[in-house]
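Asker: I am attaching a structure below and will ask some questions about it afterwards.
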Amino acid sequence: MTVETLSGNGLFSDRYMHDPYRVFSELRGVGPIHRANTPSGIPVWVVTGYAEVSAALMDGRLRKDSARLRAIIDRATLARLDGSDRAETVATDMLNSDPPEHTRLRKLVVKGFSARRVERLRPLVQQITDELLDAMVEQGAGGTVDFVDAFAFPLPLTVIFELLGIPRADQRAFRAWSTVIVGSGSRDELRRATTAMGGYLAQMMAAKRSAPADDLLSDLVEASDAGDRLSPLELVSMAGLLLIAGHETTVNLLGSTLLALLQHPDQLAKLRARPELLDPAVEESLRYNSPAPVTTWRYAAEPMTIGGSSVTTNDIVLLALGAANHDGRFPDPDAFDIERKTGGHLSFGHGIHFCVGAALARMEAQVALGRLLERFPDMALAAPADELRWRPSVIMHGLAALPVRLGRQA
Ligand code: HEM
């Protein structure tokens, strides 16, 4: 069934930013696919049913080619781009390309993020976690501390910087650009941030070219110098994608997991008593509050039917992973249950664009949560739930701040 999602009420509303799952549940109650308009008037389909979202993720007729998407969006609106219409950031990277380009680009980095490689990073992640927790204790001595600012943001950012071989000292500038790129901001701000980040990355590449090191950026520079495998633009886009995808989502996962546990004391107590539930608790958090509840944009390359609705060529289709994760396929889907069977949740996507960094994100969350629970047995939320601020984005869902009281240290 198709409904018109009013922008004041649906996916592009303030209400959605605070509580996407209420909006998803209302939409799912009407049907598995919906028509909506972005704030600048671009018509899109929003798919919310589990069966429909997982089938669409595997459907080669839904494509991502950035040049064609840009042309479709430009035709649909001459209006300014806002927080949800991110055509300007569409670049030649694997997330925004189709085979065969996608296959070629993905092959260059996928090995670097394999489960085996990620396991080798565990000691480094533990060390960074401990350093950040020490700093958080100093900051929060005797009072409250913002977990997002003190821990959830710097951990994945430091890890991806280390992996790529970028100096930690440059994190502050990068954090500011990244916030503009994935969040809301004017078209000018977005252009300034992408240009500044592109310029910075081009400089880093030049530095790696003259002094290669044992890091991912040097490997990518080498791949690009070895022939036509990676053009200079692709090189910068790849590094930008890894940096942004590599931390923005993980920040949300860390904040949302801690919040869910603090809001469900029975589950927190169970986890403290049975640390072997750490991995399933992270999986349940991924399902319960997806860090990226809506995928990046796809368009229909030919006419197709989704959930009984006719989608025509060039229609834009958004896949609501978060809505699918709360579909009745999962019994009592709105309950947070760290022992539930979460197999088949779609938070890392599915099919050819399945998240390259899934193993890394999982490991970071497991290490962080494990250390946090060990060290702070009385940690508590320091703000009422309805006063928590969420970051203004449709495709990402995460806390802007999470005030906590650390309590005594074990
Ligand atoms: C793709 C989620 C962490 C790198 C994706 C997609 C999702 C996702 C849903 C598919 C998007 C689509 O099909 O439109 C997440 C979540 C994360 C996370 C929830 C953390 C909790 C990471 C990390 C990295 C990373 C740590 C790397 C350092 C990528 C890349 C792609 C991707 C490169 C594009 C893959 C492709 O197009 O083939 N991610 N991600 N992600 N992710 Fe992640």
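Starting from 1 in every chain, residues are counted up; chains themselves are A, B, ... following the order of the structure tokens, and ligands are numbered from 1 as listed.
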Report as a list in words which protein, DNA and RNA residues come within 6 Å of ligand 1, using only C-alpha atoms and all ligand atoms.
Answerer: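 With only C-alpha atoms and all ligand atoms and a cut-off of 6 Å, ligand 1 is contacted by Met94, Leu95, Arg106, Leu242, Ala245, Gly246, His247, Thr249, Thr250, Leu253, Pro291, Ala292, Thr295, Thr296, Ser347, Phe348, Gly349, Ile352, His353, Phe354, Cys355, Val356, Gly357, Ala358, Leu360 and Ala361 of chain A.
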Asker: For the residues selected in the previous step, produce a file with C-alpha atoms as a CSV table (one decimal), in the first residue's frame.
Answerer:
chain,number,residue,atom,x,y,z
A,94,MET,CA,32.4,2.3,-3.7
A,95,LEU,CA,29.3,3.2,-1.6
A,106,ARG,CA,35.9,-2.7,-3.0
A,242,LEU,CA,36.6,5.2,5.0
A,245,ALA,CA,31.9,5.6,7.3
A,246,GLY,CA,34.6,4.4,9.7
A,247,HIS,CA,33.6,6.5,12.6
A,249,THR,CA,28.2,5.1,12.5
A,250,THR,CA,30.4,3.6,15.3
A,253,LEU,CA,26.6,2.5,18.1
A,291,PRO,CA,23.3,3.5,13.8
A,292,ALA,CA,22.4,4.0,10.1
A,295,THR,CA,20.5,3.5,3.6
A,296,THR,CA,22.1,5.9,1.2
A,347,SER,CA,22.1,-2.8,10.3
A,348,PHE,CA,25.2,-3.4,8.2
A,349,GLY,CA,23.1,-3.7,5.0
A,352,ILE,CA,27.2,-6.2,-2.5
A,353,HIS,CA,27.3,-3.1,-0.4
A,354,PHE,CA,27.4,-5.0,2.9
A,355,CYS,CA,29.5,-2.9,5.3
A,356,VAL,CA,33.2,-3.3,4.8
A,357,GLY,CA,33.9,-2.3,8.5
A,358,ALA,CA,31.3,-4.5,10.2
A,360,LEU,CA,35.9,-3.6,13.1
A,361,ALA,CA,32.8,-1.8,14.4
Asker: Report as number ranges by chain: the residues of range 83-281 of chain A with a DSSP assignment of alpha helix (DSSP H), based on the backbone of this structure.
Answerer: A: 101-110, 115-120, 122-140, 147, 154-164, 171-182, 187-210, 216-225, 232-263, 265-273, 278-281
Asker: Could those selected residues go to a file with C-alpha atoms, as a tab-separated table (two decimals), in the first residue's frame?
Answerer:
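Produced file result.tsv, reproduced below:
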chain	number	residue	atom	x	y	z
A	101	GLU	CA	33.51	-0.01	-10.68
A	102	HIS	CA	32.15	-1.02	-7.29
A	103	THR	CA	33.78	-4.45	-7.49
A	104	ARG	CA	37.17	-2.96	-8.43
A	105	LEU	CA	37.10	-0.31	-5.67
A	106	ARG	CA	35.88	-2.67	-2.96
A	107	LYS	CA	38.53	-5.28	-3.77
A	108	LEU	CA	41.26	-2.75	-2.99
A	109	VAL	CA	40.31	-2.35	0.66
A	110	VAL	CA	38.17	-5.27	1.73
A	115	ALA	CA	38.02	-10.59	10.61
A	116	ARG	CA	41.67	-11.74	10.91
A	117	ARG	CA	43.12	-8.26	10.30
A	118	VAL	CA	40.62	-6.74	12.70
A	119	GLU	CA	41.52	-9.24	15.43
A	120	ARG	CA	45.14	-8.04	15.17
A	122	ARG	CA	42.25	-5.60	19.23
A	123	PRO	CA	45.25	-4.72	21.50
A	124	LEU	CA	45.47	-1.27	19.92
A	125	VAL	CA	41.73	-0.71	20.45
A	126	GLN	CA	42.07	-1.85	24.08
A	127	GLN	CA	44.93	0.58	24.60
A	128	ILE	CA	43.07	3.53	23.05
A	129	THR	CA	39.97	2.60	25.09
A	130	ASP	CA	41.95	2.64	28.35
A	131	GLU	CA	43.58	5.99	27.52
A	132	LEU	CA	40.21	7.54	26.74
A	133	LEU	CA	38.60	6.09	29.87
A	134	ASP	CA	41.44	7.55	32.00
A	135	ALA	CA	40.88	10.95	30.42
A	136	MET	CA	37.12	10.60	30.93
A	137	VAL	CA	37.62	9.91	34.64
A	138	GLU	CA	39.68	13.08	34.99
A	139	GLN	CA	37.06	15.07	33.12
A	140	GLY	CA	34.12	13.65	35.06
A	147	PHE	CA	30.07	10.06	27.07
A	154	PRO	CA	37.20	9.88	19.85
A	155	LEU	CA	37.45	6.07	20.01
A	156	PRO	CA	36.43	5.15	16.43
A	157	LEU	CA	38.04	8.31	15.07
A	158	THR	CA	41.39	7.48	16.70
A	159	VAL	CA	41.18	3.87	15.48
A	160	ILE	CA	40.48	4.80	11.85
A	161	PHE	CA	43.18	7.50	11.96
A	162	GLU	CA	45.69	4.89	13.19
A	163	LEU	CA	44.60	2.42	10.53
A	164	LEU	CA	44.95	4.93	7.71
A	171	GLN	CA	41.41	14.92	14.55
A	172	ARG	CA	39.84	18.18	15.67
A	173	ALA	CA	39.68	19.70	12.16
A	174	PHE	CA	38.47	16.45	10.69
A	175	ARG	CA	35.75	16.10	13.31
A	176	ALA	CA	34.36	19.51	12.38
A	177	TRP	CA	34.27	18.72	8.63
A	178	SER	CA	32.72	15.33	9.19
A	179	THR	CA	29.95	16.74	11.40
A	180	VAL	CA	28.96	19.13	8.61
A	181	ILE	CA	29.14	16.43	5.93
A	182	VAL	CA	26.84	13.91	7.61
A	187	ARG	CA	24.93	24.13	0.99
A	188	ASP	CA	27.86	26.53	1.38
A	189	GLU	CA	28.98	24.95	4.64
A	190	LEU	CA	28.79	21.54	3.03
A	191	ARG	CA	30.83	22.67	0.03
A	192	ARG	CA	33.46	24.30	2.27
A	193	ALA	CA	33.75	21.19	4.45
A	194	THR	CA	34.07	18.74	1.53
A	195	THR	CA	36.63	20.97	-0.22
A	196	ALA	CA	38.68	21.39	2.96
A	197	MET	CA	38.63	17.65	3.69
A	198	GLY	CA	39.49	16.81	0.06
A	199	GLY	CA	42.43	19.24	0.14
A	200	TYR	CA	43.68	17.84	3.42
A	201	LEU	CA	43.48	14.24	2.16
A	202	ALA	CA	45.25	15.13	-1.10
A	203	GLN	CA	48.10	16.59	1.01
A	204	MET	CA	48.22	13.44	3.14
A	205	MET	CA	48.43	11.30	-0.01
A	206	ALA	CA	51.36	13.38	-1.27
A	207	ALA	CA	53.10	12.90	2.08
A	208	LYS	CA	52.55	9.11	1.91
A	209	ARG	CA	53.86	9.05	-1.65
A	210	SER	CA	57.17	10.63	-0.62
A	216	LEU	CA	46.23	1.71	4.67
A	217	LEU	CA	46.68	5.12	3.06
A	218	SER	CA	50.18	4.19	1.84
A	219	ASP	CA	48.74	0.93	0.44
A	220	LEU	CA	46.07	2.88	-1.45
A	221	VAL	CA	48.62	5.36	-2.83
A	222	GLU	CA	50.72	2.41	-3.98
A	223	ALA	CA	47.65	0.84	-5.66
A	224	SER	CA	46.95	4.07	-7.49
A	225	ASP	CA	50.58	4.48	-8.57
A	232	PRO	CA	43.53	10.53	-7.95
A	233	LEU	CA	39.87	11.46	-7.41
A	234	GLU	CA	38.98	7.88	-6.48
A	235	LEU	CA	41.89	7.83	-4.07
A	236	VAL	CA	40.70	10.90	-2.17
A	237	SER	CA	37.07	9.69	-2.26
A	238	MET	CA	38.06	6.28	-0.91
A	239	ALA	CA	39.99	7.81	2.00
A	240	GLY	CA	37.11	10.21	2.73
A	241	LEU	CA	34.58	7.36	2.67
A	242	LEU	CA	36.64	5.19	5.02
A	243	LEU	CA	37.16	8.06	7.43
A	244	ILE	CA	33.51	9.09	7.54
A	245	ALA	CA	31.90	5.63	7.34
A	246	GLY	CA	34.55	4.36	9.72
A	247	HIS	CA	33.57	6.52	12.63
A	248	GLU	CA	30.23	8.36	12.29
A	249	THR	CA	28.22	5.14	12.55
A	250	THR	CA	30.37	3.61	15.29
A	251	VAL	CA	29.93	6.75	17.42
A	252	ASN	CA	26.18	6.16	17.24
A	253	LEU	CA	26.55	2.49	18.10
A	254	LEU	CA	28.62	3.24	21.22
A	255	GLY	CA	26.25	5.94	22.48
A	256	SER	CA	23.05	4.00	21.72
A	257	THR	CA	24.35	0.78	23.29
A	258	LEU	CA	25.25	2.48	26.56
A	259	LEU	CA	21.92	4.33	26.61
A	260	ALA	CA	19.90	1.15	25.95
A	261	LEU	CA	21.69	-0.63	28.81
A	262	LEU	CA	21.29	2.26	31.25
A	263	GLN	CA	17.59	2.46	30.36
A	265	PRO	CA	18.64	-2.08	34.26
A	266	ASP	CA	17.49	-5.74	34.09
A	267	GLN	CA	19.49	-6.24	30.88
A	268	LEU	CA	22.49	-4.34	32.29
A	269	ALA	CA	22.46	-6.50	35.43
A	270	LYS	CA	22.25	-9.65	33.31
A	271	LEU	CA	25.22	-8.52	31.21
A	272	ARG	CA	27.28	-7.66	34.30
A	273	ALA	CA	26.54	-11.12	35.71
A	278	LEU	CA	28.77	-9.07	25.45
A	279	ASP	CA	28.75	-10.03	21.76
A	280	PRO	CA	24.98	-10.75	21.62
A	281	ALA	CA	24.35	-7.50	23.53
Asker: Taking only residues of range 304-338 of chain A that have an atom at most 10 Å from an atom of range 387-398 of chain A, what is each one's shortest atom pair and its distance in Å to one decimal, using only C-alpha atoms, in chain and number order, as JSON lines?
Answerer:
{"residue": "A:Leu318", "atom": "CA", "partner": "A:Ile395", "partner_atom": "CA", "distance": 9.4}
{"residue": "A:Leu319", "atom": "CA", "partner": "A:Ile395", "partner_atom": "CA", "distance": 9.8}
{"residue": "A:Ala320", "atom": "CA", "partner": "A:Ile395", "partner_atom": "CA", "distance": 8.7}
{"residue": "A:Leu321", "atom": "CA", "partner": "A:Ile395", "partner_atom": "CA", "distance": 9.7}
{"residue": "A:Gly322", "atom": "CA", "partner": "A:His397", "partner_atom": "CA", "distance": 9.6}
Asker: Would you output that residue set with N, CA and C atoms, as a PDB file, in the first residue's frame?
Answerer:
ATOM      1  N   LEU A 318      14.572   4.660  -0.820  1.00  0.00           N
ATOM      2  CA  LEU A 318      15.343   4.611   0.429  1.00  0.00           C
ATOM      3  C   LEU A 318      14.930   3.362   1.202  1.00  0.00           C
ATOM      4  N   LEU A 319      15.897   2.632   1.700  1.00  0.00           N
ATOM      5  CA  LEU A 319      15.602   1.382   2.396  1.00  0.00           C
ATOM      6  C   LEU A 319      15.781   1.604   3.906  1.00  0.00           C
ATOM      7  N   ALA A 320      14.682   1.477   4.637  1.00  0.00           N
ATOM      8  CA  ALA A 320      14.716   1.773   6.076  1.00  0.00           C
ATOM      9  C   ALA A 320      15.124   0.522   6.856  1.00  0.00           C
ATOM     10  N   LEU A 321      16.444   0.381   7.042  1.00  0.00           N
ATOM     11  CA  LEU A 321      16.982  -0.789   7.746  1.00  0.00           C
ATOM     12  C   LEU A 321      16.435  -0.858   9.177  1.00  0.00           C
ATOM     13  N   GLY A 322      16.324   0.306   9.807  1.00  0.00           N
ATOM     14  CA  GLY A 322      15.838   0.358  11.192  1.00  0.00           C
ATOM     15  C   GLY A 322      14.393  -0.116  11.274  1.00  0.00           C
TER      16      GLY A 322
END
Asker: Distance CA of Val311 in chain A-CA of Asp65 in chain A, one decimal place?
Answerer: 17.9 Å
Asker: Any idea what the distance is between CA of Leu406 in chain A and CA of His18 in chain A?
Answerer: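 These atoms are spaced 25.0 Å apart.
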Asker: Hey, can you check how far CA of Val46 in chain A sits from CA of His34 in chain A?
Answerer: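 These two atoms are separated by 5.1 Å.
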Asker: Run DSSP on the backbone and give me the residues of range 14-101 of chain A it puts in strand (DSSP E), as a ChimeraX atom specification.
Answerer: /A:33-37,43-47,62-63
Asker: I'd like the contact shell of Tyr21 in chain A - 12 Å cut-off, only C-alpha atoms, skipping same-chain residues fewer than 6 positions apart - returned as a compact mmCIF listing (two decimals) with C-alpha atoms, in the first residue's frame.
Answerer:
# COMPACT_ATOMS: atom_id res chain seq x y z
CA GLY A 10 7.23 11.36 8.68
CA LEU A 11 10.82 10.52 7.84
CA ARG A 15 9.76 13.83 15.45
CA LEU A 27 4.53 3.59 8.51
CA ARG A 28 4.81 -0.19 8.78
CA GLY A 29 1.27 -0.27 10.16
CA THR A 48 9.90 -0.33 5.70
CA ARG A 287 19.18 -4.27 15.77
CA TYR A 288 17.33 -2.28 18.43
CA ASN A 289 18.72 1.13 17.49
CA SER A 290 20.43 1.00 14.08
CA PRO A 293 18.59 3.39 10.09
CA VAL A 294 18.12 4.42 6.43
CA ALA A 320 14.72 1.77 6.08
CA LEU A 321 16.98 -0.79 7.75
CA GLY A 322 15.84 0.36 11.19
CA ALA A 323 12.17 -0.18 10.29
CA ALA A 324 12.94 -3.66 8.92
CA ASN A 325 14.78 -4.53 12.15
CA HIS A 326 11.60 -3.81 14.14
CA ASP A 327 9.32 -5.76 11.81
CA PRO A 333 10.54 -6.25 18.20
CA ASP A 334 10.44 -3.10 20.32
CA ALA A 335 11.82 -4.91 23.39
CA HIS A 397 20.69 8.05 14.20
Asker: Please identify all polymer residues within 9 Å of Arg63 in chain A, counting only C-alpha atoms, omitting same-chain residues fewer than 6 positions from it, and present them as an MDAnalysis selection string.
Answerer: chainID A and resid 69 96:98 297:301
